[in-house]
$ cat data-v4.txt   # compact mmCIF, C-alpha atoms (C1' of nucleotides)
# COMPACT_ATOMS: atom_id res chain seq x y z
CA MET A 751 88.00 -72.85 86.20
CA VAL A 752 90.45 -75.20 87.92
CA VAL A 753 91.11 -77.01 84.71
CA ILE A 754 94.52 -78.51 85.37
CA LYS A 755 93.63 -80.35 88.52
CA ASP A 756 90.54 -81.82 86.88
CA SER A 757 92.18 -82.85 83.63
CA ARG A 758 91.92 -86.57 84.30
CA LYS A 759 88.25 -86.23 85.20
CA ASN A 760 87.66 -84.15 82.09
CA GLN A 761 89.35 -86.79 79.98
CA ILE A 762 87.11 -89.45 81.51
CA ILE A 763 83.98 -87.41 80.82
CA GLU A 764 85.00 -86.64 77.25
CA THR A 765 85.75 -90.27 76.56
CA ALA A 766 82.49 -91.31 78.20
CA THR A 767 80.67 -88.84 75.93
CA GLN A 768 82.02 -90.58 72.84
CA LEU A 769 81.17 -94.02 74.21
CA PHE A 770 77.68 -93.03 75.36
CA LYS A 771 77.02 -91.66 71.91
CA SER A 772 78.16 -94.72 69.99
CA LYS A 773 77.09 -97.50 72.35
CA GLY A 774 74.43 -95.74 74.42
CA TYR A 775 74.49 -95.15 78.17
CA SER A 776 73.21 -98.62 79.08
CA GLY A 777 75.41 -100.25 76.46
CA THR A 778 78.60 -98.68 77.79
CA SER A 779 80.24 -100.42 80.74
CA MET A 780 82.56 -98.80 83.23
CA ARG A 781 85.11 -101.38 82.02
CA ASP A 782 84.77 -100.09 78.44
CA LEU A 783 85.39 -96.60 79.73
CA ALA A 784 88.30 -97.60 81.97
CA THR A 785 90.03 -99.42 79.12
CA GLU A 786 89.59 -96.44 76.81
CA VAL A 787 91.25 -94.03 79.25
CA GLY A 788 93.97 -96.51 80.22
CA LEU A 789 92.79 -97.48 83.69
CA VAL A 790 91.46 -100.58 85.36
CA VAL A 791 87.80 -100.31 86.32
CA GLY A 792 88.38 -99.62 90.01
CA GLY A 793 90.67 -96.75 89.14
CA LEU A 794 87.82 -94.78 87.59
CA TYR A 795 86.26 -94.33 91.00
CA SER A 796 89.15 -92.19 92.16
CA HIS A 797 87.89 -89.55 89.70
CA VAL A 798 84.14 -90.02 89.47
CA ASN A 799 81.60 -91.22 92.00
CA SER A 800 79.37 -93.23 89.69
CA LYS A 801 78.33 -93.88 86.11
CA ASP A 802 75.22 -91.78 86.75
CA GLU A 803 77.32 -88.81 87.78
CA ILE A 804 79.16 -88.83 84.45
CA LEU A 805 75.86 -88.71 82.59
CA GLN A 806 74.69 -85.90 84.84
CA ASN A 807 77.81 -83.87 84.04
CA ILE A 808 77.32 -84.25 80.30
CA CYS A 809 73.59 -83.49 80.26
CA PHE A 810 73.65 -80.52 82.62
CA ASP A 811 76.65 -78.93 80.91
CA MET A 812 74.74 -78.89 77.64
CA ALA A 813 71.48 -77.77 79.25
CA ASN A 814 73.28 -74.83 80.85
CA LYS A 815 74.87 -73.84 77.56
CA PHE A 816 71.48 -73.76 75.87
CA LEU A 817 69.90 -71.79 78.71
CA ARG A 818 72.67 -69.20 78.83
CA HIS A 819 72.31 -68.81 75.09
CA ILE A 820 68.55 -68.25 75.05
CA ASP A 821 68.77 -65.81 77.99
CA ASN A 822 71.36 -63.90 76.05
CA VAL A 823 69.11 -63.69 73.00
CA LEU A 824 66.09 -62.61 75.04
CA SER A 825 68.13 -59.77 76.53
CA MET A 826 68.88 -58.23 73.11
CA GLU A 827 66.40 -55.42 73.56
CA ASN A 828 66.80 -53.53 70.34
CA PHE A 829 66.57 -56.59 68.11
CA SER A 830 63.44 -57.32 66.09
CA ASN A 831 61.64 -60.58 66.70
CA LYS A 832 62.88 -61.90 63.41
CA GLU A 833 66.45 -61.03 64.36
CA LYS A 834 65.99 -62.66 67.74
CA LEU A 835 64.68 -65.84 66.18
CA ASP A 836 67.59 -65.76 63.78
CA GLN A 837 70.00 -65.48 66.69
CA ALA A 838 68.22 -68.16 68.67
CA ILE A 839 68.42 -70.64 65.81
CA GLN A 840 71.98 -69.85 64.82
CA GLY A 841 73.24 -69.96 68.39
CA HIS A 842 71.48 -73.26 69.01
CA VAL A 843 73.14 -74.73 65.93
CA ARG A 844 76.50 -73.31 67.01
CA ILE A 845 76.25 -75.05 70.39
CA ILE A 846 75.30 -78.34 68.76
CA SER A 847 78.10 -78.09 66.23
CA THR A 848 80.69 -77.29 68.87
CA ASP A 849 80.01 -80.55 70.62
CA ILE A 850 78.10 -83.03 68.51
CA ASN A 851 78.86 -85.96 70.79
CA ALA A 852 77.70 -84.23 73.95
CA THR A 853 74.57 -83.07 72.14
CA SER A 854 73.80 -86.64 71.15
CA VAL A 855 74.08 -87.79 74.77
CA PHE A 856 72.16 -84.76 76.02
CA TRP A 857 69.34 -85.49 73.61
CA ASN A 858 69.19 -89.29 73.55
CA GLU A 859 70.43 -90.48 76.94
CA TRP A 860 69.07 -87.97 79.44
CA LYS A 861 66.17 -90.31 80.21
CA TYR A 862 68.59 -92.57 82.10
CA LEU A 863 69.31 -89.85 84.67
CA PRO A 864 68.17 -90.92 88.12
CA ASP A 865 65.94 -88.63 90.15
CA PRO A 866 66.19 -85.90 91.29
CA TRP A 867 68.47 -85.08 88.34
CA LEU A 868 65.87 -86.35 85.93
CA SER A 869 63.16 -83.96 87.05
CA ASP A 870 65.59 -81.03 87.29
CA PHE A 871 66.69 -81.74 83.76
CA SER A 872 63.12 -81.89 82.49
CA LYS A 873 62.44 -78.52 84.06
CA MET A 874 65.42 -77.02 82.26
CA GLN A 875 64.19 -78.43 78.96
CA ILE A 876 60.74 -76.98 79.53
CA GLU A 877 62.24 -73.63 80.49
CA TYR A 878 64.29 -73.54 77.31
CA GLU A 879 61.33 -74.38 75.10
CA SER A 880 59.23 -71.80 76.85
CA LYS A 881 61.79 -69.04 76.33
CA PHE A 882 62.28 -70.02 72.72
CA ARG A 883 58.51 -70.01 72.21
CA SER A 884 58.22 -66.53 73.69
CA ILE A 885 60.16 -65.17 70.73
CA LEU A 886 57.61 -66.66 68.37
CA GLU A 887 54.71 -65.38 70.48
CA ASP A 888 56.14 -61.87 70.59
CA GLY A 889 56.54 -62.03 66.83
CA VAL A 890 52.92 -63.02 66.39
CA THR A 891 51.76 -60.20 68.67
CA ALA A 892 53.88 -57.69 66.78
CA GLY A 893 52.56 -58.97 63.44
CA ASP A 894 55.98 -60.21 62.29
CA PHE A 895 55.07 -63.89 62.17
CA SER A 896 52.09 -65.87 61.03
CA ILE A 897 51.83 -68.85 63.38
CA ASP A 898 48.67 -70.69 64.38
CA ASP A 899 50.21 -72.78 67.15
CA PRO A 900 53.48 -71.39 68.58
CA SER A 901 53.92 -74.47 70.72
CA PHE A 902 53.87 -76.68 67.63
CA THR A 903 56.23 -74.42 65.73
CA THR A 904 58.68 -74.31 68.64
CA MET A 905 58.83 -78.08 68.83
CA ALA A 906 59.06 -78.47 65.06
CA ILE A 907 62.01 -76.08 64.87
CA LEU A 908 63.86 -77.51 67.86
CA SER A 909 63.32 -81.08 66.65
CA SER A 910 64.84 -80.18 63.34
CA LEU A 911 67.89 -78.49 64.88
CA ASN A 912 68.49 -81.22 67.44
CA GLY A 913 68.26 -83.85 64.73
CA LEU A 914 71.56 -82.49 63.43
CA GLN A 915 73.43 -84.80 65.79
CA LYS A 916 72.18 -87.80 63.80
CA TRP A 917 73.08 -86.57 60.31
CA ARG A 918 75.61 -88.73 58.54
CA THR A 919 77.14 -85.93 56.49
CA TYR A 920 76.65 -82.28 55.72
CA SER A 921 78.58 -80.06 53.37
CA GLN A 922 77.91 -76.76 55.10
CA SER A 923 79.90 -75.12 57.87
CA PRO A 924 78.23 -74.63 61.27
CA GLU A 925 77.61 -70.97 60.43
CA GLU A 926 76.07 -71.84 57.07
CA LEU A 927 73.93 -74.52 58.69
CA GLY A 928 72.60 -72.00 61.19
CA ARG A 929 71.70 -69.54 58.47
CA SER A 930 70.12 -72.27 56.34
CA PHE A 931 67.91 -73.45 59.19
CA ALA A 932 66.84 -69.90 59.99
CA GLN A 933 66.00 -69.19 56.38
CA LEU A 934 64.08 -72.44 55.96
CA PHE A 935 61.81 -71.77 58.91
CA ILE A 936 61.36 -68.06 58.33
CA THR A 937 60.73 -67.98 54.58
CA GLY A 938 59.97 -71.60 53.65
CA ILE A 939 60.87 -73.18 50.33
CA LYS A 940 57.97 -72.01 48.18
CA ASN A 941 58.97 -69.88 45.23
CA MET B 1302 49.13 -112.60 56.77
CA VAL B 1303 48.98 -115.55 59.18
CA VAL B 1304 48.11 -113.29 62.05
CA ILE B 1305 46.38 -115.70 64.41
CA LYS B 1306 49.15 -118.25 64.62
CA ASP B 1307 51.69 -115.50 65.33
CA SER B 1308 49.65 -113.66 67.93
CA ARG B 1309 51.95 -114.58 70.80
CA LYS B 1310 54.99 -113.47 68.83
CA ASN B 1311 53.22 -110.26 67.90
CA GLN B 1312 52.41 -109.63 71.53
CA ILE B 1313 56.06 -110.15 72.44
CA ILE B 1314 57.22 -107.73 69.75
CA GLU B 1315 54.68 -105.10 70.71
CA THR B 1316 55.65 -105.32 74.35
CA ALA B 1317 59.32 -105.23 73.43
CA THR B 1318 58.64 -102.08 71.42
CA GLN B 1319 57.28 -100.32 74.50
CA LEU B 1320 60.17 -101.49 76.65
CA PHE B 1321 62.83 -100.61 74.07
CA LYS B 1322 61.34 -97.15 73.86
CA SER B 1323 61.26 -96.46 77.57
CA LYS B 1324 64.39 -98.31 78.72
CA GLY B 1325 66.37 -98.51 75.49
CA TYR B 1326 67.45 -101.68 73.70
CA SER B 1327 70.53 -102.27 75.86
CA GLY B 1328 68.64 -101.32 79.00
CA THR B 1329 65.88 -103.86 78.41
CA SER B 1330 66.60 -107.42 79.50
CA MET B 1331 64.94 -110.52 78.12
CA ARG B 1332 63.78 -111.10 81.70
CA ASP B 1333 62.03 -107.69 81.73
CA LEU B 1334 60.29 -108.66 78.53
CA ALA B 1335 59.38 -112.17 79.72
CA THR B 1336 57.87 -110.82 82.92
CA GLU B 1337 55.85 -108.24 81.01
CA VAL B 1338 54.28 -110.86 78.73
CA GLY B 1339 53.79 -113.38 81.54
CA LEU B 1340 56.50 -115.88 80.71
CA VAL B 1341 59.73 -117.04 82.27
CA VAL B 1342 62.80 -115.99 80.32
CA GLY B 1343 63.40 -119.35 78.65
CA GLY B 1344 59.86 -119.39 77.37
CA LEU B 1345 60.51 -116.37 75.14
CA TYR B 1346 62.80 -118.45 72.97
CA SER B 1347 59.91 -120.64 71.82
CA HIS B 1348 58.65 -117.56 69.95
CA VAL B 1349 61.71 -115.55 69.02
CA ASN B 1350 65.24 -116.58 68.21
CA SER B 1351 67.09 -113.74 69.90
CA LYS B 1352 66.85 -110.25 71.29
CA ASP B 1353 68.48 -108.97 68.09
CA GLU B 1354 65.75 -110.53 66.00
CA ILE B 1355 63.06 -108.60 67.87
CA LEU B 1356 64.84 -105.33 67.16
CA GLN B 1357 65.22 -106.33 63.53
CA ASN B 1358 61.49 -106.96 63.25
CA ILE B 1359 60.62 -103.56 64.70
CA CYS B 1360 63.12 -101.56 62.65
CA PHE B 1361 62.48 -103.25 59.30
CA ASP B 1362 58.72 -103.09 59.67
CA MET B 1363 58.92 -99.33 60.05
CA ALA B 1364 61.50 -98.92 57.29
CA ASN B 1365 59.25 -100.86 54.91
CA LYS B 1366 56.27 -98.71 55.82
CA PHE B 1367 58.21 -95.55 55.03
CA LEU B 1368 59.55 -96.94 51.75
CA ARG B 1369 56.15 -98.12 50.55
CA HIS B 1370 54.80 -94.68 51.37
CA ILE B 1371 57.43 -92.70 49.48
CA ASP B 1372 57.18 -95.01 46.47
CA ASN B 1373 53.46 -94.41 46.47
CA VAL B 1374 53.95 -90.65 46.50
CA LEU B 1375 56.53 -90.76 43.72
CA SER B 1376 54.10 -92.70 41.55
CA MET B 1377 51.46 -89.96 41.68
CA GLU B 1378 52.15 -88.75 38.19
CA ASN B 1379 49.64 -85.97 37.82
CA PHE B 1380 50.49 -84.31 41.13
CA SER B 1381 52.51 -81.11 41.27
CA ASN B 1382 55.77 -81.12 43.17
CA LYS B 1383 54.21 -79.09 45.90
CA GLU B 1384 51.36 -81.58 46.20
CA LYS B 1385 53.83 -84.46 46.26
CA LEU B 1386 55.84 -82.85 49.03
CA ASP B 1387 52.61 -82.24 50.88
CA GLN B 1388 51.71 -85.90 50.57
CA ALA B 1389 55.21 -87.05 51.50
CA ILE B 1390 55.19 -85.01 54.70
CA GLN B 1391 51.64 -85.83 55.72
CA GLY B 1392 52.09 -89.55 55.04
CA HIS B 1393 55.34 -89.60 56.99
CA VAL B 1394 53.60 -87.98 59.95
CA ARG B 1395 50.70 -90.41 59.63
CA ILE B 1396 53.05 -93.40 59.85
CA ILE B 1397 54.81 -91.93 62.88
CA SER B 1398 51.54 -91.12 64.62
CA THR B 1399 50.14 -94.59 63.99
CA ASP B 1400 52.98 -96.16 65.91
CA ILE B 1401 54.89 -93.69 68.04
CA ASN B 1402 56.64 -96.40 70.05
CA ALA B 1403 57.88 -98.31 67.02
CA THR B 1404 59.05 -95.04 65.47
CA SER B 1405 61.04 -94.27 68.59
CA VAL B 1406 62.79 -97.64 68.42
CA PHE B 1407 63.24 -97.38 64.65
CA TRP B 1408 64.87 -93.99 65.04
CA ASN B 1409 66.88 -94.34 68.27
CA GLU B 1410 67.80 -98.02 68.58
CA TRP B 1411 68.57 -99.17 65.03
CA LYS B 1412 72.28 -98.65 65.68
CA TYR B 1413 72.24 -101.76 67.87
CA LEU B 1414 71.30 -103.99 64.92
CA PRO B 1415 74.06 -106.51 64.21
CA ASP B 1416 75.42 -106.85 60.70
CA PRO B 1417 74.29 -107.62 58.07
CA TRP B 1418 71.00 -106.13 59.25
CA LEU B 1419 72.72 -102.91 60.19
CA SER B 1420 74.06 -102.23 56.71
CA ASP B 1421 70.80 -103.27 55.06
CA PHE B 1422 68.94 -100.90 57.31
CA SER B 1423 71.31 -98.04 56.51
CA LYS B 1424 70.75 -98.63 52.82
CA MET B 1425 67.00 -98.39 53.29
CA GLN B 1426 67.40 -95.11 55.18
CA ILE B 1427 69.58 -93.70 52.42
CA GLU B 1428 67.11 -94.86 49.78
CA TYR B 1429 64.24 -93.15 51.59
CA GLU B 1430 66.13 -89.88 51.97
CA SER B 1431 67.13 -90.00 48.34
CA LYS B 1432 63.57 -90.50 47.14
CA PHE B 1433 62.30 -87.77 49.43
CA ARG B 1434 65.03 -85.46 48.16
CA SER B 1435 64.08 -86.15 44.55
CA ILE B 1436 60.76 -84.41 45.15
CA LEU B 1437 62.60 -81.28 46.27
CA GLU B 1438 65.01 -81.49 43.34
CA ASP B 1439 62.19 -81.88 40.83
CA GLY B 1440 60.52 -78.88 42.43
CA VAL B 1441 63.66 -76.80 42.05
CA THR B 1442 64.03 -77.83 38.39
CA ALA B 1443 60.41 -76.96 37.72
CA GLY B 1444 60.78 -73.61 39.45
CA ASP B 1445 58.31 -74.50 42.21
CA PHE B 1446 60.81 -74.38 45.07
CA SER B 1447 63.68 -72.15 46.02
CA ILE B 1448 66.26 -74.41 47.67
CA ASP B 1449 70.03 -73.91 47.68
CA ASP B 1450 70.94 -77.32 49.11
CA PRO B 1451 68.24 -79.99 48.68
CA SER B 1452 70.24 -82.44 50.74
CA PHE B 1453 70.22 -80.04 53.68
CA THR B 1454 66.53 -79.30 53.31
CA THR B 1455 65.67 -83.01 53.14
CA MET B 1456 67.52 -83.73 56.35
CA ALA B 1457 66.10 -80.64 58.09
CA ILE B 1458 62.53 -81.67 57.24
CA LEU B 1459 62.95 -85.34 58.13
CA SER B 1460 64.70 -84.47 61.40
CA SER B 1461 61.79 -82.29 62.35
CA LEU B 1462 59.17 -84.92 61.53
CA ASN B 1463 61.05 -87.75 63.21
CA GLY B 1464 61.51 -85.64 66.31
CA LEU B 1465 57.76 -86.00 66.86
CA GLN B 1466 58.36 -89.26 68.74
CA LYS B 1467 60.09 -87.29 71.51
CA TRP B 1468 57.43 -84.61 72.00
CA ARG B 1469 55.89 -84.64 75.44
CA THR B 1470 52.52 -83.28 74.34
CA TYR B 1471 50.76 -81.93 71.29
CA SER B 1472 47.27 -80.60 70.96
CA GLN B 1473 46.78 -81.34 67.26
CA SER B 1474 45.48 -84.50 65.66
CA PRO B 1475 47.83 -86.53 63.42
CA GLU B 1476 46.17 -85.04 60.34
CA GLU B 1477 46.51 -81.50 61.66
CA LEU B 1478 50.13 -82.14 62.59
CA GLY B 1479 50.87 -83.33 59.06
CA ARG B 1480 49.28 -80.22 57.54
CA SER B 1481 51.07 -77.95 60.01
CA PHE B 1482 54.47 -79.43 59.20
CA ALA B 1483 53.83 -79.16 55.47
CA GLN B 1484 52.75 -75.54 55.79
CA LEU B 1485 55.70 -74.62 57.98
CA PHE B 1486 58.27 -75.92 55.53
CA ILE B 1487 56.54 -74.75 52.39
CA THR B 1488 55.56 -71.21 53.36
CA GLY B 1489 57.59 -70.47 56.49
CA ILE B 1490 56.42 -68.29 59.35
CA LYS B 1491 57.27 -64.85 57.97
CA ASN B 1492 54.32 -62.57 57.54
C1' DC C 989 56.32 -123.28 77.84
C1' DC C 990 58.97 -124.40 82.46
C1' DT C 991 63.11 -125.98 85.31
C1' DA C 992 67.56 -125.54 85.95
C1' DC C 993 71.50 -124.08 84.47
C1' DC C 994 75.85 -122.02 81.56
C1' DG C 995 79.85 -118.66 81.30
C1' DA C 996 80.26 -113.81 80.94
C1' DT C 997 79.71 -109.41 82.48
C1' DC C 998 77.63 -105.73 85.27
C1' DG C 999 78.40 -101.37 88.76
C1' DG C 1000 80.83 -100.81 92.56
C1' DT C 1001 84.01 -101.42 96.91
C1' DA C 1002 87.76 -102.60 100.58
C1' DG C 1003 92.25 -102.21 101.43
C1' DG C 1004 96.48 -100.86 100.33
C1' DC D 508 95.62 -95.93 90.97
C1' DC D 509 95.80 -101.35 91.28
C1' DT D 510 94.48 -106.08 93.20
C1' DA D 511 91.03 -108.77 94.32
C1' DC D 512 86.67 -109.30 95.10
C1' DC D 513 81.16 -108.72 95.98
C1' DG D 514 76.25 -110.05 94.74
C1' DA D 515 73.35 -109.32 90.87
C1' DT D 516 72.19 -109.82 86.34
C1' DC D 517 73.04 -110.69 81.44
C1' DG D 518 71.57 -113.52 76.77
C1' DG D 519 70.85 -117.91 75.87
C1' DT D 520 70.36 -123.30 76.08
C1' DA D 521 69.39 -128.47 77.21
C1' DG D 522 66.06 -131.39 78.26
C1' DG D 523 61.67 -132.35 79.07

$ encode --input "data-v4.txt" --output "structure tokens"
Amino acid sequence: MVVIKDSRKNQIIETATQLFKSKGYSGTSMRDLATEVGLVVGGLYSHVNSKDEILQNICFDMANKFLRHIDNVLSMENFSNKEKLDQAIQGHVRIISTDINATSVFWNEWKYLPDPWLSDFSKMQIEYESKFRSILEDGVTAGDFSIDDPSFTTMAILSSLNGLQKWRTYSQSPEELGRSFAQLFITGIKN
Amino acid sequence: MVVIKDSRKNQIIETATQLFKSKGYSGTSMRDLATEVGLVVGGLYSHVNSKDEILQNICFDMANKFLRHIDNVLSMENFSNKEKLDQAIQGHVRIISTDINATSVFWNEWKYLPDPWLSDFSKMQIEYESKFRSILEDGVTAGDFSIDDPSFTTMAILSSLNGLQKWRTYSQSPEELGRSFAQLFITGIKN
DNA sequence: CCTACCGATCGGTAGG
DNA sequence: CCTACCGATCGGTAGG
């Protein structure tokens, strides 16, 4: 909301996101970050309280985006389960594509969060998976899907989507990627 | 081959694998590792040359396992493409399940390899993906599979399988997991 | 495999 | 936002 006043902090967090992705959280020093944004290390602490806090900002921002998205999909009351799953997958891919670097940190570096952030974050992850899974379960109940183990299928789908942040190249647009993922999981590749 | 003579080194590498998984490569110190195996830090260097070398051992061991596996599948000449894909997926899951910790390091920490190991490792990854993709491409040519973008589908499948190392829980056995993945990608979930 | 040590770097702070 | 600094820890080595 108050974007202008925070612009320096935002710049620091964005730069940290890139560094955490390429060098990892532990492998990135506050001096690396300071140099990259044109400060001396002590100067960083006028804008952020700690290295941990930067990680917390990145991880929770992404977690909140994913949760808002899945809540939005679940509230689409006159959508079929197949349409909901379609929306869930495509929206998830859209969020990843919009910020690949932050997704990488969200997915690979969250384990370095100190408590109580760590346990709060885990709860948000579990909540997301549970809401995603409910779409599959509703689809099974309604006879739309054939799934033996919805928990397995949820994790298999989300693993695939989240893996996108590690892909070296891809020729499709974010929208095409979303549709391709949805099609793969819904209809499979068998002719 | 000479397993007995190397047992101390093997113990160091196995312990390092656990630590690299839980604390990351950069987040694990040689002192952490020494303590865990009951040595003082200097003592480690009687068995390994450097921290980098430990990571190299872990990553290349896994890469070689995957490559031997895919070569084996490609050599199954009287298998259908669908059967080959089935074998490729189930074998990949079997390798992951056999050593979850090493897979985690292989997949998340390889980027910390110094050159020339880094570029050799990347080549092995590309080779594996290419061989895996060839099964899909052969299946498309033969009319067994319906795939618009085999490169996409390869990455989507491998991302899903490799994500297994991050799952908190799963109720299926490694063999069941392999079959479930294969079924998901081949037939989809649509009823 | 240990003792004792190297120079470099770490996250963070006091004081201005 | 900088200067100057803190104690702790880093990967690694010499010499035995």

$ interface_residues --input "data-v4.txt" --of "chain C" --to "chain B" --cutoff "12 Å" --atoms "all atoms listed in the file" --output "MDAnalysis selection string"
chainID C and resid 989:993 998

$ residues_around --input "data-v4.txt" --residues "region 1308-1320 of chain B" --least-positions-apart "2" --cutoff "7 Å" --atoms "only C-alpha atoms (C1' of nucleotides)" --output "PyMOL selection string"
chain B and resi 1304-1306+1322-1325+1329+1334+1338+1348+1355+1402-1403+1406

$ closest_residue --input "data-v4.txt" --among "B:Phe1361, B:Tyr1429, B:Trp1418, B:Tyr1413" --to "chain A" --atoms "all atoms listed in the file"
B:Tyr1413

$ axis_aligned_box --input "data-v4.txt" --around "region 993-1004 of chain C" --padding-each-side "6 Å" --output "lines of an AutoDock Vina configuration file"
center_x = 84.0
center_y = -112.4
center_z = 91.2
size_x = 37.0
size_y = 35.3
size_z = 32.5

$ residues_near_point --input "data-v4.txt" --point "(73.0, -104.7, 92.8)" --cutoff "10 Å" --atoms "only C-alpha atoms (C1' of nucleotides)" --output "list in words"
DC998, DG999 and DG1000 of chain C; DC513, DG514, DA515 and DT516 of chain D

$ decode --input "data-v4.txt" --residues "region 990-1003 of chain C" --atoms "N, CA and C atoms (P, O5', C5', C4', C3', O3' and C1' of nucleotides)" --output "short mmCIF file (atom, residue, chain, number, x, y, z; two decimals), in the first residue's frame"
data_model
loop_
_atom_site.label_atom_id
_atom_site.label_comp_id
_atom_site.auth_asym_id
_atom_site.auth_seq_id
_atom_site.Cartn_x
_atom_site.Cartn_y
_atom_site.Cartn_z
P DC C 990 40.48 -37.49 16.27
"O5'" DC C 990 41.71 -36.68 16.91
"C5'" DC C 990 42.48 -37.29 17.94
"C4'" DC C 990 43.59 -36.35 18.36
"C3'" DC C 990 43.12 -34.95 18.72
"O3'" DC C 990 43.73 -34.56 19.95
"C1'" DC C 990 44.82 -34.85 17.05
P DT C 991 43.32 -33.18 20.69
"O5'" DT C 991 44.54 -32.22 20.37
"C5'" DT C 991 45.87 -32.67 20.63
"C4'" DT C 991 46.85 -31.55 20.31
"C3'" DT C 991 46.38 -30.16 20.72
"O3'" DT C 991 47.49 -29.47 21.31
"C1'" DT C 991 46.84 -30.17 18.40
P DA C 992 47.28 -28.04 22.07
"O5'" DA C 992 47.62 -27.01 20.92
"C5'" DA C 992 48.80 -27.19 20.14
"C4'" DA C 992 48.74 -26.27 18.94
"C3'" DA C 992 48.10 -24.90 19.24
"O3'" DA C 992 49.06 -23.90 18.95
"C1'" DA C 992 47.23 -25.83 17.23
P DC C 993 48.75 -22.32 19.26
"O5'" DC C 993 48.34 -21.77 17.83
"C5'" DC C 993 49.24 -22.01 16.75
"C4'" DC C 993 48.52 -21.97 15.43
"C3'" DC C 993 47.79 -20.67 15.09
"O3'" DC C 993 48.72 -19.74 14.58
"C1'" DC C 993 46.77 -22.65 14.15
P DC C 994 48.26 -18.25 14.15
"O5'" DC C 994 47.82 -18.38 12.62
"C5'" DC C 994 48.72 -19.01 11.69
"C4'" DC C 994 48.07 -18.95 10.33
"C3'" DC C 994 47.29 -17.66 10.11
"O3'" DC C 994 48.11 -16.74 9.41
"C1'" DC C 994 45.97 -19.58 9.50
P DG C 995 47.75 -15.17 9.47
"O5'" DG C 995 46.71 -14.96 8.29
"C5'" DG C 995 46.96 -15.51 7.00
"C4'" DG C 995 45.68 -15.49 6.20
"C3'" DG C 995 45.03 -14.10 6.11
"O3'" DG C 995 44.48 -13.98 4.81
"C1'" DG C 995 43.53 -15.60 7.14
P DA C 996 43.58 -12.72 4.39
"O5'" DA C 996 42.11 -13.34 4.50
"C5'" DA C 996 41.82 -14.53 3.77
"C4'" DA C 996 40.34 -14.84 3.90
"C3'" DA C 996 39.43 -13.63 3.70
"O3'" DA C 996 38.41 -13.97 2.77
"C1'" DA C 996 38.94 -14.71 5.76
P DT C 997 37.38 -12.91 2.25
"O5'" DT C 997 36.10 -13.21 3.15
"C5'" DT C 997 35.62 -14.55 3.24
"C4'" DT C 997 34.64 -14.62 4.38
"C3'" DT C 997 33.57 -13.51 4.35
"O3'" DT C 997 32.34 -14.12 4.01
"C1'" DT C 997 34.36 -13.99 6.54
P DC C 998 30.98 -13.28 3.93
"O5'" DC C 998 30.30 -13.60 5.33
"C5'" DC C 998 29.99 -14.96 5.64
"C4'" DC C 998 29.46 -15.05 7.06
"C3'" DC C 998 28.43 -13.98 7.41
"O3'" DC C 998 27.15 -14.44 7.02
"C1'" DC C 998 30.03 -14.26 9.17
P DG C 999 25.98 -13.37 6.75
"O5'" DG C 999 25.48 -13.05 8.24
"C5'" DG C 999 24.85 -14.05 9.00
"C4'" DG C 999 24.46 -13.47 10.35
"C3'" DG C 999 23.49 -12.29 10.24
"O3'" DG C 999 22.57 -12.36 11.35
"C1'" DG C 999 25.53 -11.57 11.23
P DG C 1000 21.40 -11.26 11.54
"O5'" DG C 1000 22.14 -10.15 12.41
"C5'" DG C 1000 22.71 -10.54 13.66
"C4'" DG C 1000 23.50 -9.39 14.23
"C3'" DG C 1000 22.73 -8.07 14.30
"O3'" DG C 1000 22.48 -7.78 15.67
"C1'" DG C 1000 25.02 -7.79 13.68
P DT C 1001 21.65 -6.51 16.14
"O5'" DT C 1001 22.81 -5.51 16.64
"C5'" DT C 1001 23.78 -6.00 17.56
"C4'" DT C 1001 24.72 -4.86 17.91
"C3'" DT C 1001 24.04 -3.51 18.17
"O3'" DT C 1001 24.61 -2.96 19.34
"C1'" DT C 1001 25.73 -3.25 16.56
P DA C 1002 23.80 -1.82 20.16
"O5'" DA C 1002 24.93 -0.73 20.44
"C5'" DA C 1002 26.27 -1.17 20.68
"C4'" DA C 1002 27.20 0.03 20.59
"C3'" DA C 1002 26.58 1.36 21.00
"O3'" DA C 1002 27.60 2.17 21.58
"C1'" DA C 1002 27.19 1.46 18.72
P DG C 1003 27.23 3.53 22.41
"O5'" DG C 1003 27.84 4.69 21.55
"C5'" DG C 1003 28.95 4.46 20.68
"C4'" DG C 1003 28.96 5.52 19.60
"C3'" DG C 1003 28.11 6.76 19.90
"O3'" DG C 1003 28.93 7.91 19.73
"C1'" DG C 1003 27.60 5.92 17.75
#
